[in-house]
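Here the structure comes first, spelled out in structure tokens, and everything after it is commentary.
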Amino acid sequence: MALRQPGWRGPTRPSCLRPAASRREASRPPYLYDPRKRAVLRSYCRGQAFVEEAPIFLLFCADTFRLREVAERQGHAFNYSRIDLLLAATIDAALACQNAALAAESIGLGCCMVGGVRNQARDVAALFELPKGVYGVVGLAVGYARQVNDLKPRLPSNVVVHVDGYSTAHLDEGVAQYDGVMASTGIYDGRRVAIEGVTPEPSSDNAHYGWAEHTARRLARGNARRKDLGPFLRDCGFVLE
Ligand SMILES: Cc1cc2nc3c(=O)[nH]c(=O)nc-3n(C[C@H](O)[C@H](O)[C@H](O)COP(=O)(O)O)c2cc1C
């Protein structure tokens, strides 16, 4: 199957069948084949090679452009722009991405979702020539997998699945168990998060460094790369309140 062929639309066909909130059809996946643009996109996504090299790259967008067009064409005001429109359009895009990933995997392809497209969302929008009212929620790189990775461990289900109301009953024991399981996979080796002024240095923190510490340190570090996301979404016409 020649994936790097502009006419091939395999993984997105089932996304035509995706649920769309109130039939608003607020998402669409532009393909990116242009190799020069792919190289630029890679630089926006922390230089991750697969963003440039994967045969197919799809950008799933929250798309309110058509809705705005239709409202204007019909001569009505566009008063629907509360935060719910941003959330609904974003959910639609995420569902479409998940469906495309399932479709790709069902025919033996491998894929990786790329939230990194939101690091420089404004630049990504310019690269894809997205009109006002459209932003790239998540990318999907698709190709033939070099290797099939095992599923990673997950938090125990009694921590994340609650019956008849939210429950923290198993949180402490579940996190402690998951800490040990994740640390033993070696997943944090070479990726531990150092924070200036915070001790112990993660490299010498073997007893304590697991999922909880890694996650908490990442949360403490914040995400400076995405500080323009809010202002960009506002400029794009989304209302964040
Ligand atoms: C919404 C979403 C965004 C992701 N963004 C990236 C990304 O930008 N770069 C990357 O290398 N992997 C990304 N991933 C892949 C995950 O880091 C992880 O490799 C993948 O989900 C499989 O691992 P898991 O079994 O732990 O989920 C993303 C995954 C999801 C679900």
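Here's how to read the names in the structure tokens: chain A, B, ... by the order shown, residue numbers from 1 in each chain, ligand numbers from 1 in the order shown.
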Inset, instruction - Write as number ranges by chain the residues around ligand 1, taking 9 Å as the cut-off and counting only C-alpha atoms and all ligand atoms. - result: A: 45-46, 48, 50-51, 94, 97-98, 111-119, 137-140, 149-154
Residues within 12 Å of Gly136 in chain A, only C-alpha atoms, excluding chain neighbours under 6 positions, as an mmCIF file with C-alpha atoms, in the first residue's frame:
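As a result, part36.cif now contains:
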```cif
data_model
loop_
_atom_site.group_PDB
_atom_site.id
_atom_site.type_symbol
_atom_site.label_atom_id
_atom_site.label_comp_id
_atom_site.auth_asym_id
_atom_site.auth_seq_id
_atom_site.Cartn_x
_atom_site.Cartn_y
_atom_site.Cartn_z
ATOM 1 C CA ALA A 26 -16.991 20.768 13.579
ATOM 2 C CA SER A 27 -13.837 18.841 12.739
ATOM 3 C CA ARG A 28 -11.874 17.878 9.676
ATOM 4 C CA PRO A 29 -8.507 16.270 9.079
ATOM 5 C CA PRO A 30 -6.285 18.027 6.526
ATOM 6 C CA TYR A 31 -3.518 15.757 5.215
ATOM 7 C CA LEU A 41 5.900 21.096 11.337
ATOM 8 C CA LEU A 58 -3.236 14.223 9.631
ATOM 9 C CA LEU A 59 -4.195 17.276 11.622
ATOM 10 C CA PHE A 60 -7.539 16.984 13.387
ATOM 11 C CA CYS A 61 -9.059 20.412 13.797
ATOM 12 C CA ALA A 62 -11.781 22.018 15.825
ATOM 13 C CA ASP A 63 -13.535 23.689 12.945
ATOM 14 C CA THR A 64 -16.110 26.429 13.422
ATOM 15 C CA LEU A 86 -14.674 25.328 21.813
ATOM 16 C CA ALA A 89 -15.502 21.266 18.458
ATOM 17 C CA THR A 90 -12.438 19.948 20.320
ATOM 18 C CA ASP A 92 -15.418 16.166 17.824
ATOM 19 C CA ALA A 93 -11.842 16.490 16.591
ATOM 20 C CA ALA A 94 -10.524 14.128 19.280
ATOM 21 C CA CYS A 97 -8.688 11.269 15.582
ATOM 22 C CA VAL A 114 0.692 14.300 18.355
ATOM 23 C CA GLY A 115 -0.490 16.792 20.954
ATOM 24 C CA GLY A 116 2.750 18.636 20.157
ATOM 25 C CA VAL A 117 0.852 20.470 17.385
ATOM 26 C CA ARG A 118 -0.491 22.718 20.164
ATOM 27 C CA ASN A 119 3.007 23.844 21.201
ATOM 28 C CA GLN A 120 2.928 26.470 18.483
ATOM 29 C CA ALA A 121 -0.742 26.357 17.579
ATOM 30 C CA ARG A 122 -0.617 29.750 15.873
ATOM 31 C CA ASP A 123 2.282 28.704 13.639
ATOM 32 C CA VAL A 124 0.642 25.348 12.894
ATOM 33 C CA ALA A 125 -2.538 27.167 11.825
ATOM 34 C CA ALA A 126 -0.499 29.372 9.472
ATOM 35 C CA LEU A 127 1.331 26.326 8.074
ATOM 36 C CA PHE A 128 -1.931 24.533 7.310
ATOM 37 C CA GLU A 129 -3.539 27.776 6.106
ATOM 38 C CA LEU A 130 -6.380 27.326 8.559
ATOM 39 C CA LEU A 229 -2.552 28.854 23.187
ATOM 40 C CA PHE A 232 -4.320 32.337 19.954
ATOM 41 C CA LEU A 233 -7.698 30.670 20.511
ATOM 42 C CA CYS A 236 -9.116 32.661 16.350
#
```
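Close contacts of Ala176 in chain A, defined as residues with an atom at most 12 Å away when counting only C-alpha atoms, with chain neighbours fewer than 2 positions off set aside, comprise Leu155, Pro156, Val159, His170, Leu171, Asp172, Glu173, Gly174, Tyr178, Asp179, Gly180, Val181, Met182, Ala183, His208, Tyr209, Gly210, Trp211, Ala212 and Glu213 of chain A.
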Residues as selected, C-alpha atoms, written as a compact mmCIF listing (two decimals), in the first residue's frame, can you do that?
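What landed in selection.txt:
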```
# COMPACT_ATOMS: atom_id res chain seq x y z
CA LEU A 155 -3.40 2.93 37.04
CA PRO A 156 -5.41 0.13 38.69
CA VAL A 159 -8.61 4.14 40.96
CA HIS A 170 -8.34 3.35 46.38
CA LEU A 171 -6.27 6.34 45.33
CA ASP A 172 -3.37 6.07 47.79
CA GLU A 173 -2.81 2.34 47.49
CA GLY A 174 -3.41 2.43 43.72
CA TYR A 178 1.42 2.03 40.05
CA ASP A 179 4.53 3.95 41.17
CA GLY A 180 6.38 0.70 41.69
CA VAL A 181 5.16 -0.90 38.47
CA MET A 182 6.06 2.11 36.34
CA ALA A 183 9.46 2.65 37.96
CA HIS A 208 11.19 7.77 45.44
CA TYR A 209 11.01 8.54 41.71
CA GLY A 210 8.00 6.87 40.11
CA TRP A 211 4.83 7.86 38.30
CA ALA A 212 3.63 10.21 41.05
CA GLU A 213 6.91 12.11 41.35
```
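Secondary structure of range 15-177 of chain A, strand (DSSP E or B) only (DSSP, backbone atoms): Ser27, Arg28, Tyr31, Ile56, Phe57, Leu58, Leu59, Phe60, Cys61, Ala62, Asp63, Gly110, Cys111, Cys112, Met113, Val114, Val134, Tyr135, Gly136, Val137, Val138, Gly139, Leu140, Ala141, Val142 and Gly143 of chain A.
Computed from the coordinates, the CA of Val239 in chain A to CA of Asp84 in chain A distance equals 8.6 Å.
Our summary of the geometry notes that CA of Ile107 in chain A is positioned 24.7 Å from CA of Ile91 in chain A.
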Legend entry - Given only C-alpha atoms as the counted atoms, nearest of A:Arg82, A:Arg66, A:Arg146, A:Arg221 to Ala194 in chain A: A:Arg221
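CA of Arg226 in chain A sits 27.6 Å away from CA of Asn79 in chain A.
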Inset, instruction - Counting only C-alpha atoms, figure out which residue out of A:Thr215, A:Ala220, A:Arg225, A:Tyr44 gets nearest to Val198 in chain A. - result: A:Ala220
Inset, instruction - Would you return as a PyMOL selection string the members of range 5-162 of chain A that DSSP assigns to helix (DSSP H, G or I) on this structure's backbone? - result: chain A and resi 10-12+14-17+21-23+35-44+49-53+65-73+83-106+115-118+121-127+157-160
Just to be explicit: take each residue in the selection above, keep C-alpha atoms, and write the result as a PDB file, in the first residue's frame.
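Below you can see selection-v8.pdb, which holds the result:
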```pdb
ATOM      1  CA  GLY A  10      -7.965   5.280   4.051  1.00  0.00           C
ATOM      2  CA  PRO A  11      -7.739   6.191   7.733  1.00  0.00           C
ATOM      3  CA  THR A  12     -10.187   9.047   7.585  1.00  0.00           C
ATOM      4  CA  PRO A  14     -14.575   5.972   9.104  1.00  0.00           C
ATOM      5  CA  SER A  15     -14.266   9.429  10.601  1.00  0.00           C
ATOM      6  CA  CYS A  16     -17.090  10.399   8.244  1.00  0.00           C
ATOM      7  CA  LEU A  17     -19.189   8.211  10.542  1.00  0.00           C
ATOM      8  CA  ALA A  21     -22.292  17.230  18.375  1.00  0.00           C
ATOM      9  CA  SER A  22     -25.670  18.555  17.174  1.00  0.00           C
ATOM     10  CA  ARG A  23     -24.727  17.742  13.569  1.00  0.00           C
ATOM     11  CA  PRO A  35       7.772  17.587   2.533  1.00  0.00           C
ATOM     12  CA  ARG A  36       8.918  21.181   3.141  1.00  0.00           C
ATOM     13  CA  LYS A  37       5.902  21.854   5.309  1.00  0.00           C
ATOM     14  CA  ARG A  38       6.467  18.577   7.114  1.00  0.00           C
ATOM     15  CA  ALA A  39       9.987  19.659   8.037  1.00  0.00           C
ATOM     16  CA  VAL A  40       8.612  22.919   9.406  1.00  0.00           C
ATOM     17  CA  LEU A  41       5.900  21.096  11.337  1.00  0.00           C
ATOM     18  CA  ARG A  42       8.562  18.857  12.879  1.00  0.00           C
ATOM     19  CA  SER A  43      10.370  21.949  14.175  1.00  0.00           C
ATOM     20  CA  TYR A  44       7.104  23.065  15.811  1.00  0.00           C
ATOM     21  CA  ALA A  49      11.476  12.915  13.572  1.00  0.00           C
ATOM     22  CA  PHE A  50       8.352  10.845  12.989  1.00  0.00           C
ATOM     23  CA  VAL A  51       6.336  14.023  12.453  1.00  0.00           C
ATOM     24  CA  GLU A  52       8.375  14.610   9.305  1.00  0.00           C
ATOM     25  CA  GLU A  53       9.019  11.021   8.310  1.00  0.00           C
ATOM     26  CA  PHE A  65     -15.347  28.148  10.131  1.00  0.00           C
ATOM     27  CA  ARG A  66     -18.248  26.568   8.257  1.00  0.00           C
ATOM     28  CA  LEU A  67     -20.649  27.356  11.083  1.00  0.00           C
ATOM     29  CA  ARG A  68     -19.630  31.014  10.984  1.00  0.00           C
ATOM     30  CA  GLU A  69     -19.950  31.019   7.202  1.00  0.00           C
ATOM     31  CA  VAL A  70     -23.419  29.462   7.327  1.00  0.00           C
ATOM     32  CA  ALA A  71     -24.605  31.906   9.990  1.00  0.00           C
ATOM     33  CA  GLU A  72     -23.371  34.846   7.941  1.00  0.00           C
ATOM     34  CA  ARG A  73     -24.735  33.478   4.686  1.00  0.00           C
ATOM     35  CA  ILE A  83     -16.676  28.048  25.762  1.00  0.00           C
ATOM     36  CA  ASP A  84     -19.002  25.135  25.005  1.00  0.00           C
ATOM     37  CA  LEU A  85     -18.423  25.622  21.277  1.00  0.00           C
ATOM     38  CA  LEU A  86     -14.674  25.328  21.813  1.00  0.00           C
ATOM     39  CA  LEU A  87     -15.170  22.190  23.912  1.00  0.00           C
ATOM     40  CA  ALA A  88     -17.680  20.606  21.505  1.00  0.00           C
ATOM     41  CA  ALA A  89     -15.502  21.266  18.458  1.00  0.00           C
ATOM     42  CA  THR A  90     -12.438  19.948  20.320  1.00  0.00           C
ATOM     43  CA  ILE A  91     -14.281  16.798  21.417  1.00  0.00           C
ATOM     44  CA  ASP A  92     -15.418  16.166  17.824  1.00  0.00           C
ATOM     45  CA  ALA A  93     -11.842  16.490  16.591  1.00  0.00           C
ATOM     46  CA  ALA A  94     -10.524  14.128  19.280  1.00  0.00           C
ATOM     47  CA  LEU A  95     -13.196  11.524  18.489  1.00  0.00           C
ATOM     48  CA  ALA A  96     -12.397  11.726  14.792  1.00  0.00           C
ATOM     49  CA  CYS A  97      -8.688  11.269  15.582  1.00  0.00           C
ATOM     50  CA  GLN A  98      -9.363   8.240  17.760  1.00  0.00           C
ATOM     51  CA  ASN A  99     -11.575   6.717  15.034  1.00  0.00           C
ATOM     52  CA  ALA A 100      -8.895   7.297  12.417  1.00  0.00           C
ATOM     53  CA  ALA A 101      -6.295   5.679  14.715  1.00  0.00           C
ATOM     54  CA  LEU A 102      -8.538   2.636  15.228  1.00  0.00           C
ATOM     55  CA  ALA A 103      -9.173   2.399  11.479  1.00  0.00           C
ATOM     56  CA  ALA A 104      -5.447   2.629  10.719  1.00  0.00           C
ATOM     57  CA  GLU A 105      -4.567   0.008  13.328  1.00  0.00           C
ATOM     58  CA  SER A 106      -7.364  -2.279  12.085  1.00  0.00           C
ATOM     59  CA  GLY A 115      -0.490  16.792  20.954  1.00  0.00           C
ATOM     60  CA  GLY A 116       2.750  18.636  20.157  1.00  0.00           C
ATOM     61  CA  VAL A 117       0.852  20.470  17.385  1.00  0.00           C
ATOM     62  CA  ARG A 118      -0.491  22.718  20.164  1.00  0.00           C
ATOM     63  CA  ALA A 121      -0.742  26.357  17.579  1.00  0.00           C
ATOM     64  CA  ARG A 122      -0.617  29.750  15.873  1.00  0.00           C
ATOM     65  CA  ASP A 123       2.282  28.704  13.639  1.00  0.00           C
ATOM     66  CA  VAL A 124       0.642  25.348  12.894  1.00  0.00           C
ATOM     67  CA  ALA A 125      -2.538  27.167  11.825  1.00  0.00           C
ATOM     68  CA  ALA A 126      -0.499  29.372   9.472  1.00  0.00           C
ATOM     69  CA  LEU A 127       1.331  26.326   8.074  1.00  0.00           C
ATOM     70  CA  SER A 157      -8.990   0.198  37.485  1.00  0.00           C
ATOM     71  CA  ASN A 158     -10.423   0.789  40.958  1.00  0.00           C
ATOM     72  CA  VAL A 159      -8.614   4.141  40.958  1.00  0.00           C
ATOM     73  CA  VAL A 160     -10.127   5.327  37.700  1.00  0.00           C
TER      74      VAL A 160
END
```
